[in-house]
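Novice: Dropping in upload-v2.cif, which is mmCIF, C-alpha atoms and all ligand atoms:
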data_my_file
loop_
_atom_site.label_atom_id
_atom_site.label_comp_id
_atom_site.auth_asym_id
_atom_site.auth_seq_id
_atom_site.Cartn_x
_atom_site.Cartn_y
_atom_site.Cartn_z
CA MET A 280 -161.94 181.88 49.70
CA THR A 281 -159.28 184.63 49.69
CA HIS A 282 -157.39 182.69 52.34
CA GLN A 283 -157.45 179.54 50.17
CA LEU A 284 -156.31 181.52 47.13
CA ASN A 285 -153.41 183.04 49.08
CA ALA A 286 -152.37 179.65 50.42
CA HIS A 287 -152.51 178.23 46.90
CA ARG A 288 -150.42 181.13 45.56
CA GLU A 289 -147.83 180.70 48.30
CA ARG A 290 -147.56 176.96 47.68
CA LYS A 291 -147.08 177.65 43.98
CA LEU A 292 -144.33 180.16 44.68
CA ARG A 293 -142.59 177.73 47.06
CA ASP A 294 -142.61 175.01 44.36
CA LEU A 295 -141.33 177.51 41.81
CA LEU A 296 -138.52 178.60 44.15
CA GLN A 297 -137.54 174.99 44.77
CA THR A 298 -137.05 174.39 41.03
CA ARG A 299 -135.70 177.78 39.95
CA CYS A 300 -133.93 179.01 43.08
CA PRO A 301 -132.86 175.92 45.07
CA GLU A 302 -129.90 177.92 46.45
CA LEU A 303 -132.29 180.39 48.15
CA VAL A 304 -134.29 177.50 49.63
CA GLU A 305 -131.05 175.92 50.87
CA LEU A 306 -129.93 179.21 52.40
CA GLU A 307 -133.22 179.57 54.28
CA ARG A 308 -132.91 175.98 55.51
CA LEU A 309 -129.46 176.81 56.96
CA LEU A 310 -130.87 179.90 58.70
CA VAL A 311 -133.39 177.69 60.50
CA ASN A 312 -131.12 174.71 61.23
CA PHE A 313 -128.17 176.72 62.53
CA ASN A 314 -129.99 179.62 64.15
CA GLU A 315 -127.88 179.33 67.30
CA LEU A 316 -124.60 179.75 65.44
CA LEU A 317 -125.46 182.66 63.17
CA SER A 318 -127.46 185.85 63.06
CA PHE A 319 -129.06 187.22 59.96
CA ARG A 320 -130.90 190.22 58.58
CA VAL A 321 -133.04 190.72 55.49
CA LEU A 322 -131.35 193.71 53.84
CA THR A 323 -134.30 194.27 51.51
CA GLN A 324 -136.97 192.49 49.54
CA VAL A 325 -136.61 192.86 45.79
CA GLU A 326 -139.97 192.88 44.04
CA TYR A 327 -140.48 191.04 40.78
CA GLN A 328 -143.90 190.31 39.24
CA ALA A 329 -145.68 190.84 42.57
CA HIS A 330 -143.33 188.43 44.37
CA GLN A 331 -140.79 189.46 47.01
CA PHE A 332 -137.25 188.10 46.91
CA PRO A 333 -135.18 188.59 50.10
CA ILE A 334 -131.49 189.54 50.19
CA TYR A 335 -130.00 187.95 53.30
CA SER A 336 -126.91 189.06 55.19
CA LEU A 337 -125.58 186.45 57.66
CA THR A 338 -123.02 186.93 60.37
CA LEU A 339 -120.86 184.37 62.16
CA GLY A 340 -118.58 185.21 65.05
CA ASN A 341 -118.15 188.38 67.03
CA PRO A 342 -120.33 191.13 65.53
CA ALA A 343 -118.69 193.97 67.51
CA PRO A 344 -117.90 196.71 64.96
CA GLU A 345 -114.25 197.00 66.11
CA GLN A 346 -113.46 193.44 64.99
CA PRO A 347 -111.78 192.59 61.68
CA THR A 348 -114.19 191.13 59.16
CA LEU A 349 -114.28 188.80 56.21
CA LEU A 350 -117.10 189.48 53.75
CA LEU A 351 -118.17 186.84 51.22
CA THR A 352 -120.66 187.75 48.50
CA ALA A 353 -121.99 185.91 45.46
CA GLY A 354 -124.83 185.87 42.96
CA VAL A 355 -124.33 189.47 41.77
CA HIS A 356 -124.75 187.90 38.34
CA GLY A 357 -127.75 185.59 38.64
CA ILE A 358 -126.59 183.13 36.03
CA GLU A 359 -123.27 182.49 37.80
CA ARG A 360 -124.89 180.09 40.26
CA ILE A 361 -121.71 178.18 40.97
CA GLY A 362 -120.39 181.17 42.98
CA VAL A 363 -123.48 181.01 45.22
CA GLN A 364 -123.00 177.27 45.63
CA VAL A 365 -119.33 177.71 46.56
CA VAL A 366 -120.22 180.27 49.27
CA LEU A 367 -123.02 178.08 50.65
CA ALA A 368 -120.68 175.05 50.70
CA GLN A 369 -118.13 177.08 52.68
CA LEU A 370 -120.82 178.37 55.04
CA LYS A 371 -121.94 174.78 55.77
CA VAL A 372 -118.36 173.71 56.51
CA TRP A 373 -117.87 176.56 58.99
CA LEU A 374 -121.23 175.93 60.66
CA GLU A 375 -120.58 172.21 61.11
CA ARG A 376 -117.06 172.83 62.42
CA LEU A 377 -118.26 175.59 64.75
CA LYS A 378 -120.20 172.94 66.66
CA TRP A 379 -117.01 171.25 67.90
CA GLU A 380 -113.78 172.89 66.76
CA ARG A 381 -112.23 174.96 69.53
CA SER A 382 -109.74 176.78 67.30
CA LEU A 383 -112.53 177.97 64.99
CA GLN A 384 -114.70 178.99 67.95
CA ASN A 385 -111.78 180.95 69.44
CA CYS A 386 -110.94 182.55 66.10
CA LEU A 387 -114.51 183.75 65.64
CA GLN A 388 -114.51 185.40 69.05
CA GLN A 389 -111.97 187.83 67.63
CA MET A 390 -113.44 188.48 64.20
CA SER A 391 -116.64 188.18 62.24
CA ILE A 392 -117.62 186.70 58.91
CA THR A 393 -120.46 188.30 56.98
CA LEU A 394 -121.96 186.46 54.02
CA ILE A 395 -124.37 187.79 51.41
CA PRO A 396 -124.64 184.62 49.32
CA ILE A 397 -127.33 185.89 46.91
CA VAL A 398 -127.00 189.57 46.04
CA ASN A 399 -129.28 189.31 42.99
CA PRO A 400 -132.05 186.83 43.86
CA VAL A 401 -134.27 187.80 40.91
CA GLY A 402 -131.39 187.21 38.48
CA LEU A 403 -130.88 183.81 40.08
CA PHE A 404 -134.61 183.07 39.76
CA LEU A 405 -134.56 184.08 36.08
CA ASN A 406 -131.18 182.39 35.49
CA ARG A 407 -129.74 185.51 33.95
CA ARG A 408 -126.88 187.92 34.52
CA SER A 409 -128.85 191.11 35.16
CA ASN A 410 -131.41 191.93 37.84
CA GLY A 411 -135.19 191.98 37.26
CA LYS A 412 -134.93 195.35 35.45
CA GLY A 413 -132.23 194.18 33.07
CA VAL A 414 -129.45 196.09 34.86
CA ASP A 415 -126.00 194.51 35.14
CA LEU A 416 -125.26 195.19 38.81
CA MET A 417 -121.52 194.99 38.15
CA ARG A 418 -121.73 197.99 35.77
CA ASN A 419 -124.18 200.03 37.82
CA ALA A 420 -121.87 201.97 40.17
CA PRO A 421 -121.21 205.70 39.57
CA ILE A 422 -117.65 205.31 38.32
CA GLU A 423 -116.54 205.98 34.75
CA SER A 424 -113.56 204.64 32.89
CA ARG A 425 -111.84 207.03 30.49
CA GLU A 426 -110.24 204.20 28.54
CA ALA A 427 -112.98 201.55 28.37
CA SER A 428 -114.77 201.50 25.05
CA PHE A 429 -116.24 198.05 24.40
CA LEU A 430 -119.83 196.89 24.88
CA VAL A 431 -118.67 194.54 27.62
CA SER A 432 -117.38 197.58 29.56
CA GLY A 433 -120.99 198.67 30.13
CA GLN A 434 -123.56 200.52 28.02
CA LYS A 435 -126.33 203.00 28.82
CA TRP A 436 -128.56 202.50 25.76
CA THR A 437 -130.89 199.63 26.49
CA PRO A 438 -131.58 196.78 28.92
CA LYS A 439 -132.21 194.60 25.86
CA LEU A 440 -128.46 194.33 25.33
CA PRO A 441 -126.15 192.85 27.97
CA TRP A 442 -123.94 194.95 30.27
CA TYR A 443 -126.68 197.61 30.67
CA ARG A 444 -125.63 200.08 33.34
CA GLY A 445 -129.06 201.44 34.33
CA ASP A 446 -129.26 204.76 36.18
CA VAL A 447 -125.88 205.11 37.85
CA SER A 448 -126.96 208.19 39.80
CA HIS A 449 -129.46 205.96 41.67
CA MET A 450 -127.91 202.54 42.01
CA GLU A 451 -130.25 199.55 41.95
CA PRO A 452 -131.73 198.48 45.33
CA GLU A 453 -129.50 195.37 45.41
CA ASN A 454 -126.41 197.60 45.16
CA GLN A 455 -127.77 200.21 47.59
CA VAL A 456 -128.10 197.64 50.36
CA LEU A 457 -124.69 196.18 49.54
CA ARG A 458 -123.24 199.68 49.80
CA GLU A 459 -124.90 200.24 53.18
CA GLU A 460 -123.62 196.91 54.43
CA ILE A 461 -120.02 197.68 53.38
CA GLU A 462 -120.25 201.16 54.87
CA ARG A 463 -121.36 199.59 58.15
CA LEU A 464 -118.64 196.92 58.11
CA THR A 465 -115.79 199.28 57.26
CA ALA A 466 -116.89 202.04 59.67
CA ARG A 467 -114.93 200.81 62.68
CA ALA A 468 -113.20 197.58 61.68
CA PRO A 469 -109.41 197.77 61.37
CA MET A 470 -109.41 195.27 58.47
CA VAL A 471 -112.00 194.02 55.98
CA ILE A 472 -111.23 191.55 53.21
CA SER A 473 -114.09 190.91 50.80
CA VAL A 474 -114.38 188.14 48.22
CA ASP A 475 -117.10 188.37 45.56
CA CYS A 476 -117.60 185.07 43.68
CA HIS A 477 -118.17 185.08 39.91
CA SER A 478 -117.61 182.72 37.01
CA GLY A 479 -117.26 182.91 33.26
CA PHE A 480 -113.82 184.25 32.39
CA GLY A 481 -111.12 182.05 30.87
CA VAL A 482 -109.87 178.61 31.87
CA HIS A 483 -108.03 179.63 35.06
CA ASP A 484 -109.39 180.60 38.46
CA ARG A 485 -108.49 184.21 39.08
CA LEU A 486 -108.38 186.55 42.05
CA TRP A 487 -108.92 190.06 40.81
CA PHE A 488 -108.44 193.24 42.76
CA PRO A 489 -109.16 196.90 41.82
CA TYR A 490 -109.02 198.71 39.64
CA ALA A 491 -111.31 197.70 36.81
CA TYR A 492 -111.69 201.25 35.52
CA ARG A 493 -108.04 202.19 35.01
CA ARG A 494 -104.61 200.62 34.60
CA ARG A 495 -103.02 202.23 37.63
CA PRO A 496 -102.29 200.73 41.05
CA MET A 497 -104.74 201.13 43.91
CA GLN A 498 -103.55 203.04 46.94
CA ASP A 499 -103.36 199.80 48.97
CA ILE A 500 -101.31 197.97 46.38
CA ALA A 501 -98.60 197.12 48.95
CA PRO A 502 -100.93 195.26 51.36
CA MET A 503 -102.53 193.58 48.33
CA VAL A 504 -99.13 192.29 47.17
CA ALA A 505 -98.37 191.22 50.77
CA LEU A 506 -101.63 189.22 50.77
CA LYS A 507 -100.72 187.60 47.45
CA LEU A 508 -97.26 186.63 48.76
CA LEU A 509 -98.78 185.30 51.98
CA TRP A 510 -101.19 183.13 50.00
CA GLU A 511 -98.48 181.83 47.69
CA SER A 512 -96.08 180.96 50.47
CA SER A 513 -98.81 179.34 52.59
CA TYR A 514 -100.29 177.34 49.69
CA PRO A 515 -97.57 176.63 47.13
CA ASN A 516 -98.74 174.99 43.89
CA HIS A 517 -102.14 176.63 44.12
CA GLN A 518 -104.16 177.21 40.93
CA TYR A 519 -105.14 180.89 41.23
CA ILE A 520 -103.87 183.82 39.22
CA PHE A 521 -103.71 186.86 41.50
CA GLU A 522 -103.79 190.12 39.52
CA PRO A 523 -105.55 193.45 38.96
CA GLN A 524 -108.69 193.17 36.83
CA SER A 525 -107.31 195.91 34.56
CA ASN A 526 -104.80 193.33 33.31
CA HIS A 527 -107.63 191.92 31.18
CA TYR A 528 -110.29 194.48 30.40
CA LEU A 529 -111.50 197.82 31.69
CA THR A 530 -115.09 198.46 32.71
CA HIS A 531 -117.34 201.29 33.84
CA GLY A 532 -119.35 201.05 37.03
CA ASP A 533 -117.45 198.26 38.80
CA LEU A 534 -118.91 197.82 42.29
CA TRP A 535 -115.63 197.04 44.05
CA ASP A 536 -113.79 199.95 42.48
CA TYR A 537 -116.59 202.14 43.79
CA PHE A 538 -116.80 200.60 47.28
CA TYR A 539 -113.03 200.73 47.61
CA LYS A 540 -112.95 204.41 46.67
CA GLN A 541 -115.84 205.17 49.02
CA PHE A 542 -114.83 203.18 52.09
CA GLY A 543 -111.24 202.01 51.69
CA ARG A 544 -108.17 204.16 52.04
CA LYS A 545 -109.22 205.43 55.49
CA GLN A 546 -108.47 203.94 58.90
CA CYS A 547 -110.01 200.62 57.81
CA ARG A 548 -107.78 198.52 55.59
CA PHE A 549 -110.32 197.37 53.01
CA LEU A 550 -109.04 194.86 50.45
CA PRO A 551 -111.76 193.83 47.97
CA LEU A 552 -111.23 190.77 45.76
CA THR A 553 -113.26 189.11 43.06
CA LEU A 554 -112.94 185.37 42.60
CA GLU A 555 -113.50 184.58 38.92
CA LEU A 556 -113.93 180.84 38.45
CA GLY A 557 -112.47 179.76 35.13
CA SER A 558 -115.61 178.24 33.66
CA TRP A 559 -114.21 177.73 30.16
CA ALA A 560 -112.37 174.69 31.51
CA TRP A 561 -115.76 173.03 32.02
CA VAL A 562 -116.75 173.93 28.47
CA ARG A 563 -113.48 172.57 27.11
CA LYS A 564 -114.13 169.24 28.81
CA ARG A 565 -117.73 169.16 27.65
CA PRO A 566 -118.26 171.28 24.51
CA LEU A 567 -121.97 170.41 24.43
CA GLN A 568 -122.37 172.86 27.32
CA LEU A 569 -122.14 175.60 24.71
CA LEU A 570 -125.66 174.68 23.65
CA ARG A 571 -126.90 176.04 26.96
CA PHE A 572 -126.24 179.65 27.90
CA ASP A 573 -125.75 178.78 31.58
CA GLY A 574 -123.21 176.17 30.47
CA LEU A 575 -120.81 179.04 29.82
CA PHE A 576 -120.83 179.95 33.50
CA ASN A 577 -121.46 176.75 35.47
CA PRO A 578 -120.29 173.16 35.59
CA LEU A 579 -123.34 171.19 34.47
CA VAL A 580 -121.95 167.78 35.41
CA PRO A 581 -122.47 166.85 39.09
CA HIS A 582 -118.91 165.68 39.80
CA ARG A 583 -117.48 168.90 38.37
CA GLN A 584 -119.94 170.92 40.41
CA GLN A 585 -118.90 169.03 43.55
CA ARG A 586 -115.25 169.58 42.73
CA ALA A 587 -115.83 173.32 42.37
CA MET A 588 -117.63 173.34 45.73
CA ARG A 589 -114.71 171.72 47.58
CA ARG A 590 -111.83 173.17 45.56
CA HIS A 591 -112.10 176.69 46.96
CA LEU A 592 -112.52 175.79 50.63
CA PRO A 593 -108.77 176.18 51.41
CA LEU A 594 -108.78 179.63 49.79
CA MET A 595 -111.80 180.84 51.76
CA ASP A 596 -110.38 179.48 54.99
CA PHE A 597 -107.05 181.16 54.18
CA PHE A 598 -108.87 184.50 53.96
CA ARG A 599 -110.44 183.85 57.36
CA HIS A 600 -106.96 183.31 58.82
CA ALA A 601 -105.56 186.32 56.98
CA VAL A 602 -108.27 188.53 58.52
CA HIS A 603 -107.86 187.02 61.97
CA SER A 604 -104.06 187.42 61.96
CA TYR A 605 -103.86 190.61 59.91
CA GLN A 606 -101.41 192.27 62.29
CA GLN A 607 -98.89 189.51 61.55
CA TRP A 608 -98.57 190.17 57.83
CA LEU A 609 -99.70 193.71 57.01
CA PRO A 610 -96.57 195.48 55.74
CA GLY A 611 -94.95 198.17 57.85
CA PRO A 612 -93.68 201.50 56.43
CA ALA A 613 -90.21 200.04 55.69
CA GLU A 614 -91.66 197.38 53.36
CA LEU A 615 -94.00 199.56 51.30
CA ALA A 616 -91.49 200.71 48.68
CA ASN A 617 -90.35 197.16 47.85
CA LEU A 618 -93.90 195.84 47.57
CA LYS A 619 -94.93 198.73 45.31
CA GLN A 620 -91.93 198.09 43.11
CA MET A 621 -92.88 194.43 42.90
CA ALA A 622 -96.43 195.40 41.85
CA ASN A 623 -95.04 197.70 39.18
CA SER A 624 -92.82 195.05 37.69
CA LEU A 625 -95.58 192.41 37.80
CA TRP A 626 -98.48 194.42 36.41
CA TYR A 627 -97.99 198.10 35.73
CA ARG A 628 -94.97 198.47 33.48
ZN ZN B 701 -119.97 187.78 37.17
#
Since I need it in another form, could you write the structure as structure tokens?
Ligand SMILES: [Zn+2]

Specialist:
Amino acid sequence: MTHQLNAHRERKLRDLLQTRCPELVELERLLVNFNELLSFRVLTQVEYQAHQFPIYSLTLGNPAPEQPTLLLTAGVHGIERIGVQVVLAQLKVWLERLKWERSLQNCLQQMSITLIPIVNPVGLFLNRRSNGKGVDLMRNAPIESREASFLVSGQKWTPKLPWYRGDVSHMEPENQVLREEIERLTARAPMVISVDCHSGFGVHDRLWFPYAYRRRPMQDIAPMVALKLLWESSYPNHQYIFEPQSNHYLTHGDLWDYFYKQFGRKQCRFLPLTLELGSWAWVRKRPLQLLRFDGLFNPLVPHRQQRAMRRHLPLMDFFRHAVHSYQQWLPGPAELANLKQMANSLWYR
């Protein structure tokens, strides 16, 4: 009887996951179908209402810790599903091409790609920004802004309002495992570029880099400008705005500010980026989306969703090449002053 009950409960959960978390089901299908081309670990299981939700970390390529690494993450905000879908679409492209494409196979012998496509599986399941405890993971890091003052910057009063920071002295389990993963990746790699996929700000697609907590340049501003110039010369007429997040608004507790301060600025060149998909363009084309909260963050029309899933493939593949060939473009000491000056005139005047 207990056995039957358990089987029934499991079937029910599987059906529920298929309707409310199809991205997680798709991810698990890829783990099975491509098990020869990737390795994976369950970083932790997040508990919600007696159910366990896994956070997966996948690795393609050479996992030796001395290799340069590209890290792709998404789903920190559960409602921003399109970011998860973009990362899964890219993962599928790489896996299919790895079966036959010599240049990709050779490239991945000299670097690794780590993907954490769903950082906040309970948020995804509930179709909301925060995790199961109402904490906004992107405001939960122990880093305070002296200048930020708006609600959107993060608040410590109540999980009933958005942007709740939770207990920043003990980050949420989702962030703890992300921290451990980044500590591991940056420990011996000479170069790590990370791209965290979000949606919901403005009509343009943006690439944001630290800081979010202050309007001053990061220590690695010169390599960041070099990366921006490399992207713009390699892909002219692209649609991304490359800039510091502080250009728009300041926040407390930004994860990438925190990870950069913890693990960047040492022997590993760690360049964290956030890809903010400009979801208001979808709303502008289809104002009825405003009637649904998730319509603010996701394209609800299939052809727009498909376009989003293919539109960012060149960018993601560019980052793979930038990591692989990092020695070719990282600025030397003679170029630093010029690049810093360029950053100052672009963003920090
Ligand atoms: Zn977000």

Novice: Can you work out the spacing between atom CA of Lys540 of chain A and atom CA of Phe597 of chain A in Å, to one decimal?

Specialist: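 Result for atom CA of Lys540 of chain A versus atom CA of Phe597 of chain A: 25.1 Å, one decimal.
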
Novice: Ligand ZN 701 (chain B): which residues are within 12 Å, counting only C-alpha atoms and all ligand atoms, as a PDB file with C-alpha atoms, in the coordinates of the input?

Specialist:
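This went into part_37.pdb:
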ATOM      1  CA  THR A 352    -120.660 187.750  48.500  1.00  0.00           C
ATOM      2  CA  ALA A 353    -121.990 185.910  45.460  1.00  0.00           C
ATOM      3  CA  GLY A 354    -124.830 185.870  42.960  1.00  0.00           C
ATOM      4  CA  VAL A 355    -124.330 189.470  41.770  1.00  0.00           C
ATOM      5  CA  HIS A 356    -124.750 187.900  38.340  1.00  0.00           C
ATOM      6  CA  GLY A 357    -127.750 185.590  38.640  1.00  0.00           C
ATOM      7  CA  ILE A 358    -126.590 183.130  36.030  1.00  0.00           C
ATOM      8  CA  GLU A 359    -123.270 182.490  37.800  1.00  0.00           C
ATOM      9  CA  ARG A 360    -124.890 180.090  40.260  1.00  0.00           C
ATOM     10  CA  ILE A 361    -121.710 178.180  40.970  1.00  0.00           C
ATOM     11  CA  GLY A 362    -120.390 181.170  42.980  1.00  0.00           C
ATOM     12  CA  VAL A 363    -123.480 181.010  45.220  1.00  0.00           C
ATOM     13  CA  VAL A 398    -127.000 189.570  46.040  1.00  0.00           C
ATOM     14  CA  ASN A 399    -129.280 189.310  42.990  1.00  0.00           C
ATOM     15  CA  GLY A 402    -131.390 187.210  38.480  1.00  0.00           C
ATOM     16  CA  LEU A 403    -130.880 183.810  40.080  1.00  0.00           C
ATOM     17  CA  ARG A 407    -129.740 185.510  33.950  1.00  0.00           C
ATOM     18  CA  ARG A 408    -126.880 187.920  34.520  1.00  0.00           C
ATOM     19  CA  SER A 409    -128.850 191.110  35.160  1.00  0.00           C
ATOM     20  CA  ASP A 415    -126.000 194.510  35.140  1.00  0.00           C
ATOM     21  CA  LEU A 416    -125.260 195.190  38.810  1.00  0.00           C
ATOM     22  CA  MET A 417    -121.520 194.990  38.150  1.00  0.00           C
ATOM     23  CA  ARG A 418    -121.730 197.990  35.770  1.00  0.00           C
ATOM     24  CA  VAL A 431    -118.670 194.540  27.620  1.00  0.00           C
ATOM     25  CA  TRP A 442    -123.940 194.950  30.270  1.00  0.00           C
ATOM     26  CA  ASP A 475    -117.100 188.370  45.560  1.00  0.00           C
ATOM     27  CA  CYS A 476    -117.600 185.070  43.680  1.00  0.00           C
ATOM     28  CA  HIS A 477    -118.170 185.080  39.910  1.00  0.00           C
ATOM     29  CA  SER A 478    -117.610 182.720  37.010  1.00  0.00           C
ATOM     30  CA  GLY A 479    -117.260 182.910  33.260  1.00  0.00           C
ATOM     31  CA  PHE A 480    -113.820 184.250  32.390  1.00  0.00           C
ATOM     32  CA  TRP A 487    -108.920 190.060  40.810  1.00  0.00           C
ATOM     33  CA  ASP A 533    -117.450 198.260  38.800  1.00  0.00           C
ATOM     34  CA  LEU A 534    -118.910 197.820  42.290  1.00  0.00           C
ATOM     35  CA  THR A 553    -113.260 189.110  43.060  1.00  0.00           C
ATOM     36  CA  LEU A 554    -112.940 185.370  42.600  1.00  0.00           C
ATOM     37  CA  GLU A 555    -113.500 184.580  38.920  1.00  0.00           C
ATOM     38  CA  LEU A 556    -113.930 180.840  38.450  1.00  0.00           C
ATOM     39  CA  GLY A 557    -112.470 179.760  35.130  1.00  0.00           C
ATOM     40  CA  SER A 558    -115.610 178.240  33.660  1.00  0.00           C
ATOM     41  CA  LEU A 575    -120.810 179.040  29.820  1.00  0.00           C
ATOM     42  CA  PHE A 576    -120.830 179.950  33.500  1.00  0.00           C
ATOM     43  CA  ASN A 577    -121.460 176.750  35.470  1.00  0.00           C
TER      44      ASN A 577
END

Novice: Could you check which of A:Arg599, A:Arg628, A:Arg485, A:Arg458 is closest to Asp536 of chain A, using only C-alpha atoms?

Specialist: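 So, comparing all the options, the nearest one is A:Arg458.
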
Novice: Need to verify the contact set: segment 378-389 of chain A, 9 Å, all atoms listed in the file, exclusion of same-chain residues closer than 6 positions in sequence. Can you return it as a ChimeraX atom specification?

Specialist: /A:316,339-342,346-347,599-600,603

Novice: Give me, please, the distance in Å between atom CA of Pro396 of chain A and atom CA of Pro344 of chain A, quoted to one decimal.

Specialist: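 The value is 20.9 Å.
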
Novice: Just to confirm, what's the straight-line distance from atom CA of Pro452 of chain A to atom CA of Gln369 of chain A in Å (one decimal)?

Specialist: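 We find that atom CA of Pro452 of chain A and atom CA of Gln369 of chain A lie 26.4 Å from each other.
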
Novice: Quick one: residues within 12 Å of Val580 of chain A, only C-alpha atoms counted, chain neighbours fewer than 2 positions away excluded, as a PDB file with C-alpha atoms, keeping the file's coordinate frame?

Specialist:
ATOM      1  CA  ILE A 361    -121.710 178.180  40.970  1.00  0.00           C
ATOM      2  CA  TRP A 561    -115.760 173.030  32.020  1.00  0.00           C
ATOM      3  CA  VAL A 562    -116.750 173.930  28.470  1.00  0.00           C
ATOM      4  CA  LYS A 564    -114.130 169.240  28.810  1.00  0.00           C
ATOM      5  CA  ARG A 565    -117.730 169.160  27.650  1.00  0.00           C
ATOM      6  CA  LEU A 567    -121.970 170.410  24.430  1.00  0.00           C
ATOM      7  CA  GLN A 568    -122.370 172.860  27.320  1.00  0.00           C
ATOM      8  CA  GLY A 574    -123.210 176.170  30.470  1.00  0.00           C
ATOM      9  CA  ASN A 577    -121.460 176.750  35.470  1.00  0.00           C
ATOM     10  CA  PRO A 578    -120.290 173.160  35.590  1.00  0.00           C
ATOM     11  CA  HIS A 582    -118.910 165.680  39.800  1.00  0.00           C
ATOM     12  CA  ARG A 583    -117.480 168.900  38.370  1.00  0.00           C
ATOM     13  CA  GLN A 584    -119.940 170.920  40.410  1.00  0.00           C
ATOM     14  CA  GLN A 585    -118.900 169.030  43.550  1.00  0.00           C
ATOM     15  CA  ARG A 586    -115.250 169.580  42.730  1.00  0.00           C
ATOM     16  CA  ALA A 587    -115.830 173.320  42.370  1.00  0.00           C
TER      17      ALA A 587
END

Novice: For Leu440 of chain A, please output as an MDAnalysis selection string all residues within 12 Å (counting only C-alpha atoms; exclusion window: fewer than 2 positions along the same chain).

Specialist: chainID A and resid 408:409 413:415 430:431 433:438 442:445

Novice: Residues near segment 610-613 of chain A, anyone? I mean within 12 Å using only C-alpha atoms, not counting same-chain ones fewer than 2 positions away, as a VMD selection string.

Specialist: chain A and resid 499 to 506 508 to 509 548 605 to 608 615 to 619

Novice: Residues within 10 Å of Phe313 of chain A, please, as a PDB file with C-alpha atoms, in the frame of the given file. Count only C-alpha atoms; anything in the same chain fewer than 6 positions from it doesn't count.

Specialist:
ATOM      1  CA  LYS A 371    -121.940 174.780  55.770  1.00  0.00           C
ATOM      2  CA  LEU A 374    -121.230 175.930  60.660  1.00  0.00           C
ATOM      3  CA  GLU A 375    -120.580 172.210  61.110  1.00  0.00           C
ATOM      4  CA  LYS A 378    -120.200 172.940  66.660  1.00  0.00           C
TER       5      LYS A 378
END

Novice: For Ile397 of chain A, which residue among A:Leu592, A:Leu303, A:Val365, A:Ser318 is the nearest when counting all atoms listed in the file?

Specialist: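 Nearest to Ile397 of chain A: A:Leu303.
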
Novice: Enumerate, as JSON, numbers by chain, the protein, DNA and RNA residues whose atoms approach (-132.5, 194.7, 41.7) to within 6 Å, taking into account only C-alpha atoms and the coordinate frame of the file.

Specialist: {"A": [410, 411, 451, 452, 453]}

Novice: Could you add the missing atoms to segment 527-539 of chain A, up to N, CA and C atoms, and return them as a CSV table (one decimal), in the coordinates of the input?

Specialist:
chain,number,residue,atom,x,y,z
A,527,HIS,N,-106.9,192.6,32.2
A,527,HIS,CA,-107.6,191.9,31.2
A,527,HIS,C,-108.5,192.9,30.4
A,528,TYR,N,-109.4,193.5,31.1
A,528,TYR,CA,-110.3,194.5,30.4
A,528,TYR,C,-110.7,195.6,31.4
A,529,LEU,N,-111.1,196.7,30.8
A,529,LEU,CA,-111.5,197.8,31.7
A,529,LEU,C,-113.0,197.9,31.6
A,530,THR,N,-113.6,198.3,32.7
A,530,THR,CA,-115.1,198.5,32.7
A,530,THR,C,-115.5,199.7,33.4
A,531,HIS,N,-116.7,200.2,33.1
A,531,HIS,CA,-117.3,201.3,33.8
A,531,HIS,C,-118.1,200.6,35.0
A,532,GLY,N,-118.3,201.4,36.0
A,532,GLY,CA,-119.4,201.0,37.0
A,532,GLY,C,-119.0,199.8,37.9
A,533,ASP,N,-117.8,199.4,38.0
A,533,ASP,CA,-117.4,198.3,38.8
A,533,ASP,C,-117.7,198.5,40.3
A,534,LEU,N,-118.5,197.6,40.9
A,534,LEU,CA,-118.9,197.8,42.3
A,534,LEU,C,-117.7,197.9,43.3
A,535,TRP,N,-116.7,197.1,43.0
A,535,TRP,CA,-115.6,197.0,44.0
A,535,TRP,C,-114.7,198.2,43.9
A,536,ASP,N,-114.5,198.7,42.7
A,536,ASP,CA,-113.8,200.0,42.5
A,536,ASP,C,-114.5,201.0,43.3
A,537,TYR,N,-115.8,201.1,43.1
A,537,TYR,CA,-116.6,202.1,43.8
A,537,TYR,C,-116.6,202.0,45.3
A,538,PHE,N,-116.8,200.8,45.8
A,538,PHE,CA,-116.8,200.6,47.3
A,538,PHE,C,-115.4,200.9,47.9
A,539,TYR,N,-114.4,200.5,47.1
A,539,TYR,CA,-113.0,200.7,47.6
A,539,TYR,C,-112.8,202.2,47.7
